[in-house]
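Trainee: Pasting data-v5.txt below, which is compact mmCIF, C-alpha atoms.
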# COMPACT_ATOMS: atom_id res chain seq x y z
CA MET A 19 99.77 47.34 77.70
CA ARG A 20 101.60 50.16 79.38
CA ILE A 21 104.03 50.47 82.28
CA ARG A 22 104.96 53.94 83.50
CA LEU A 23 107.55 54.46 86.22
CA VAL A 24 108.43 57.86 87.68
CA SER A 25 111.60 58.41 89.70
CA GLU A 26 113.09 61.50 91.28
CA VAL A 27 116.77 62.06 91.95
CA ASN A 28 118.52 64.81 93.88
CA ARG A 29 120.82 65.91 91.09
CA PRO A 30 120.68 68.74 88.52
CA PHE A 31 118.98 68.06 85.19
CA ASP A 32 122.03 68.75 83.00
CA TRP A 33 124.13 66.36 85.03
CA VAL A 34 121.52 63.56 85.07
CA SER A 35 120.66 63.85 81.37
CA GLY A 36 124.37 63.91 80.51
CA HIS A 37 124.87 60.59 82.29
CA PHE A 38 122.31 58.58 80.35
CA ASP A 39 125.09 56.54 78.81
CA LYS A 40 126.54 53.04 78.55
CA GLU A 41 127.74 53.05 82.17
CA LEU A 42 124.20 53.73 83.43
CA PHE A 43 122.73 51.15 81.07
CA VAL A 44 125.12 48.46 82.33
CA PHE A 45 124.28 49.45 85.93
CA LEU A 46 120.56 48.93 85.21
CA LEU A 47 121.00 45.48 83.64
CA PRO A 48 120.22 42.29 85.54
CA PRO A 49 123.23 40.34 86.86
CA PRO A 50 125.63 38.94 84.21
CA PHE A 51 124.40 35.38 84.67
CA VAL A 52 120.93 36.62 83.56
CA ALA A 53 121.78 39.10 80.79
CA ARG A 54 124.77 40.57 78.97
CA LEU A 55 125.17 43.74 76.96
CA ILE A 56 126.29 42.85 73.44
CA ARG A 57 126.04 46.30 71.84
CA TYR A 58 125.32 49.84 73.00
CA ASP A 59 125.56 52.64 70.46
CA GLY A 60 123.99 55.47 72.48
CA SER A 61 120.71 57.37 72.50
CA ASP A 62 120.72 59.03 69.08
CA PRO A 63 118.31 58.06 66.30
CA GLY A 64 119.52 54.96 64.48
CA ASN A 65 121.58 53.68 67.45
CA LEU A 66 121.10 50.07 68.53
CA VAL A 67 121.11 48.36 71.91
CA HIS A 68 121.50 44.58 72.00
CA ILE A 69 121.02 42.54 75.17
CA ARG A 70 121.47 38.77 75.31
CA PHE A 71 119.42 37.03 77.99
CA LEU A 72 120.81 33.77 79.32
CA LEU A 73 117.90 33.02 81.67
CA PRO A 74 115.21 31.77 81.66
CA TRP A 75 116.46 30.75 78.20
CA ARG A 76 118.88 32.25 75.72
CA SER A 77 117.25 35.04 73.73
CA ASP A 78 118.17 38.40 72.22
CA TRP A 79 116.57 41.80 72.69
CA ILE A 80 117.57 44.38 70.10
CA SER A 81 116.11 47.87 70.26
CA LYS A 82 116.60 50.79 67.90
CA ILE A 83 116.50 54.44 68.93
CA ILE A 84 113.92 56.16 66.71
CA SER A 85 113.90 59.68 68.16
CA SER A 86 115.80 61.91 70.54
CA LYS A 87 115.36 65.52 71.63
CA ARG A 88 116.81 67.82 74.23
CA ASN A 89 116.14 71.32 75.50
CA THR A 90 116.89 73.19 78.73
CA GLU A 91 114.00 71.52 80.60
CA ALA A 92 113.86 67.97 79.24
CA PHE A 93 115.76 65.21 77.45
CA GLU A 94 114.03 62.24 75.91
CA PHE A 95 114.62 59.40 73.53
CA VAL A 96 112.48 56.53 72.31
CA ASP A 97 113.50 52.98 71.45
CA ILE A 98 111.44 50.33 69.73
CA GLY A 99 112.04 46.60 69.74
CA GLU A 100 113.41 45.13 66.54
CA LYS A 101 114.05 41.63 67.91
CA LEU A 102 112.19 40.75 71.09
CA PRO A 103 112.26 37.88 73.57
CA PHE A 104 109.65 36.30 75.83
CA GLY A 105 106.78 36.32 73.33
CA LEU A 106 106.78 40.10 72.89
CA LYS A 107 105.50 41.29 69.50
CA THR A 108 105.92 45.06 70.03
CA TRP A 109 107.95 47.21 72.42
CA LYS A 110 108.24 50.98 72.73
CA HIS A 111 110.15 52.67 75.55
CA GLN A 112 110.19 56.41 76.02
CA HIS A 113 112.97 57.61 78.35
CA ILE A 114 112.37 61.10 79.74
CA VAL A 115 114.50 63.23 82.05
CA LYS A 116 112.82 66.44 83.29
CA LYS A 117 114.18 69.33 85.26
CA LEU A 118 112.17 69.75 88.46
CA ASN A 119 114.30 72.58 89.89
CA GLU A 120 117.99 73.48 90.04
CA LYS A 121 118.84 70.47 92.23
CA GLN A 122 116.30 67.79 91.31
CA SER A 123 115.39 65.81 88.21
CA GLN A 124 112.60 63.43 87.32
CA ILE A 125 113.16 60.28 85.27
CA ILE A 126 110.21 58.68 83.50
CA ASP A 127 110.24 55.25 81.89
CA ASP A 128 107.10 54.99 79.77
CA MET A 129 106.88 51.56 78.17
CA SER A 130 104.23 49.94 76.01
CA PHE A 131 104.21 46.39 74.72
CA SER A 132 102.06 43.71 73.22
CA THR A 133 102.24 39.97 72.70
CA CYS A 134 100.18 37.67 70.55
CA CYS A 135 97.03 38.07 72.66
CA LYS A 136 95.50 40.07 75.52
CA ILE A 137 95.62 37.15 77.94
CA PHE A 138 99.37 36.77 77.45
CA ASP A 139 99.73 40.57 77.78
CA LEU A 140 98.12 40.28 81.21
CA LEU A 141 100.37 37.36 82.16
CA ILE A 142 103.61 39.05 81.10
CA TYR A 143 102.72 42.46 82.59
CA PRO A 144 103.74 41.57 86.18
CA VAL A 145 106.99 40.00 84.94
CA LEU A 146 107.95 43.15 83.02
CA TYR A 147 106.78 45.40 85.83
CA LEU A 148 108.92 43.51 88.35
CA ALA A 149 111.88 43.60 85.95
CA PHE A 150 111.72 47.39 85.51
CA SER A 151 110.39 48.63 88.88
CA PRO A 152 113.80 48.37 90.61
CA ARG A 153 114.91 51.26 88.40
CA LYS A 154 113.25 53.70 90.79
CA GLN A 155 115.78 52.79 93.50
CA LEU A 156 118.61 52.06 91.09
CA TYR A 157 118.42 55.56 89.60
CA LYS A 158 118.64 57.06 93.08
CA ARG A 159 121.56 54.83 94.00
CA TYR A 160 123.40 55.49 90.74
CA PHE A 161 122.94 59.24 90.53
CA GLU A 162 123.10 60.11 94.21
CA LYS A 163 126.21 58.02 94.93
CA THR A 164 128.25 59.98 92.43
CA GLU A 165 129.27 63.54 93.11
CA ALA A 166 127.58 66.13 90.95
CA PRO A 167 129.49 69.22 89.84
In structure tokens, write the structure found in this file.
Mentor:
Amino acid sequence: MRIRLVSEVNRPFDWVSGHFDKELFVFLLPPPFVARLIRYDGSDPGNLVHIRFLLPWRSDWISKIISSKRNTEAFEFVDIGEKLPFGLKTWKHQHIVKKLNEKQSQIIDDMSFSTCCKIFDLLIYPVLYLAFSPRKQLYKRYFEKTEAP
């Protein structure tokens, strides 16, 4: 199944793409009583991100960055799940930042996943959608609260 979220922020592309870092990742995480960041290497191929969920039960999510590219109009990187919680069998997340104009950027989270069966895919879809959909507002809050150069 696929979840695709598109967000726009009123900040220049170079500034937004340059701030896809550990600080942003921690900002996007659920509260510390739900999940903790164990490891964050960055967004280059081979880097790992490890999140430990404490609720609804203790489980680990480890993703590996498999590709990354940047030019003057876009920045993107892709992570795949190596160890997944909640019955997930596969996970792929493409992060894209696009330049809309000199003052605005678009952020796309394009995620695909599968579980053991289609019925469970349909059951977990709303849970994952609700977990990631706040990013639309969180990106705005994060990027627009901070002064851009």
Trainee: My list of candidates is A:Arg22, A:Arg88, A:Lys101, A:His113. Which is closest to His68 (chain A) when distances are computed with all atoms listed in the file?
Mentor: A:Lys101
Trainee: Which value, in Å to one decimal, gives the distance between CA of Ser85 (chain A) and CA of Met129 (chain A)?
Mentor: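 Atom-to-atom, CA of Ser85 (chain A) and CA of Met129 (chain A) are spaced 14.7 Å apart.
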Trainee: Which is closer to Glu91 (chain A) than all the others in A:Ile137, A:Met19, A:Leu42, A:Leu118, using all atoms listed in the file?
Mentor: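 Using all atoms listed in the file, Glu91 (chain A) sits closest to A:Leu118.
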Trainee: List the spatial neighbours of region 75-83 of chain A as a ChimeraX atom specification - criterion: any atom at most 6 Å away, only C-alpha atoms, same-chain residues fewer than 3 positions off excluded.
Mentor: /A:63-72,96-103
Trainee: Please save C-alpha atoms of the selected residues as a compact mmCIF listing (two decimals), in the frame of the given file.
Mentor:
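Result written to selection.txt:
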# COMPACT_ATOMS: atom_id res chain seq x y z
CA PRO A 63 118.31 58.06 66.30
CA GLY A 64 119.52 54.96 64.48
CA ASN A 65 121.58 53.68 67.45
CA LEU A 66 121.10 50.07 68.53
CA VAL A 67 121.11 48.36 71.91
CA HIS A 68 121.50 44.58 72.00
CA ILE A 69 121.02 42.54 75.17
CA ARG A 70 121.47 38.77 75.31
CA PHE A 71 119.42 37.03 77.99
CA LEU A 72 120.81 33.77 79.32
CA VAL A 96 112.48 56.53 72.31
CA ASP A 97 113.50 52.98 71.45
CA ILE A 98 111.44 50.33 69.73
CA GLY A 99 112.04 46.60 69.74
CA GLU A 100 113.41 45.13 66.54
CA LYS A 101 114.05 41.63 67.91
CA LEU A 102 112.19 40.75 71.09
CA PRO A 103 112.26 37.88 73.57
Trainee: What box, with edges along x, y and z, holds each listed atom of region 137-154 of chain A when 4 Å is added on every side, and can you state its centre and edge lengths in Å to one decimal, as lines of an AutoDock Vina configuration file?
Mentor:
center_x = 105.3
center_y = 45.2
center_z = 84.1
size_x = 27.3
size_y = 24.9
size_z = 21.3
Trainee: Could you state the separation of CA of Cys134 (chain A) and CA of Ala149 (chain A) in Å, given to one decimal place?
Mentor: 20.2 Å
Trainee: Looking at only C-alpha atoms, which of A:Lys116, A:Val145, A:Phe138, A:Lys107 is the one that sits closest to Ser25 (chain A)?
Mentor: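 For Ser25 (chain A), the nearest of the given residues is A:Lys116.
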Trainee: Name the residues within 10 Å of (117.2, 57.8, 92.6), counting all atoms listed in the file in the file's coordinates, and put them as number ranges by chain.
Mentor: A: 25-29, 123-125, 153-163
Trainee: Using CA of Lys40 (chain A) and CA of Arg20 (chain A) as the two end points, give the distance in Å to one decimal.
Mentor: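 Between these atoms lies a distance of 25.1 Å.
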Trainee: Given only C-alpha atoms as the basis, pick out the residue of A:Thr133, A:Leu23, A:Phe93, A:Ser61 nearest to Phe150 (chain A).
Mentor: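 Closest to Phe150 (chain A), using only C-alpha atoms: A:Leu23.
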Trainee: Name the closest residue to Ser86 (chain A) among the candidates A:Asn119, A:Pro74, A:Leu141, A:Gly60; distances are taken between atoms, counting all atoms listed in the file.
Mentor: A:Gly60
Trainee: From the options A:Glu41, A:Asp32, A:Glu94, A:Asp139, which residue's atoms come nearest to Ile126 (chain A), counting all atoms listed in the file?
Mentor: A:Glu94
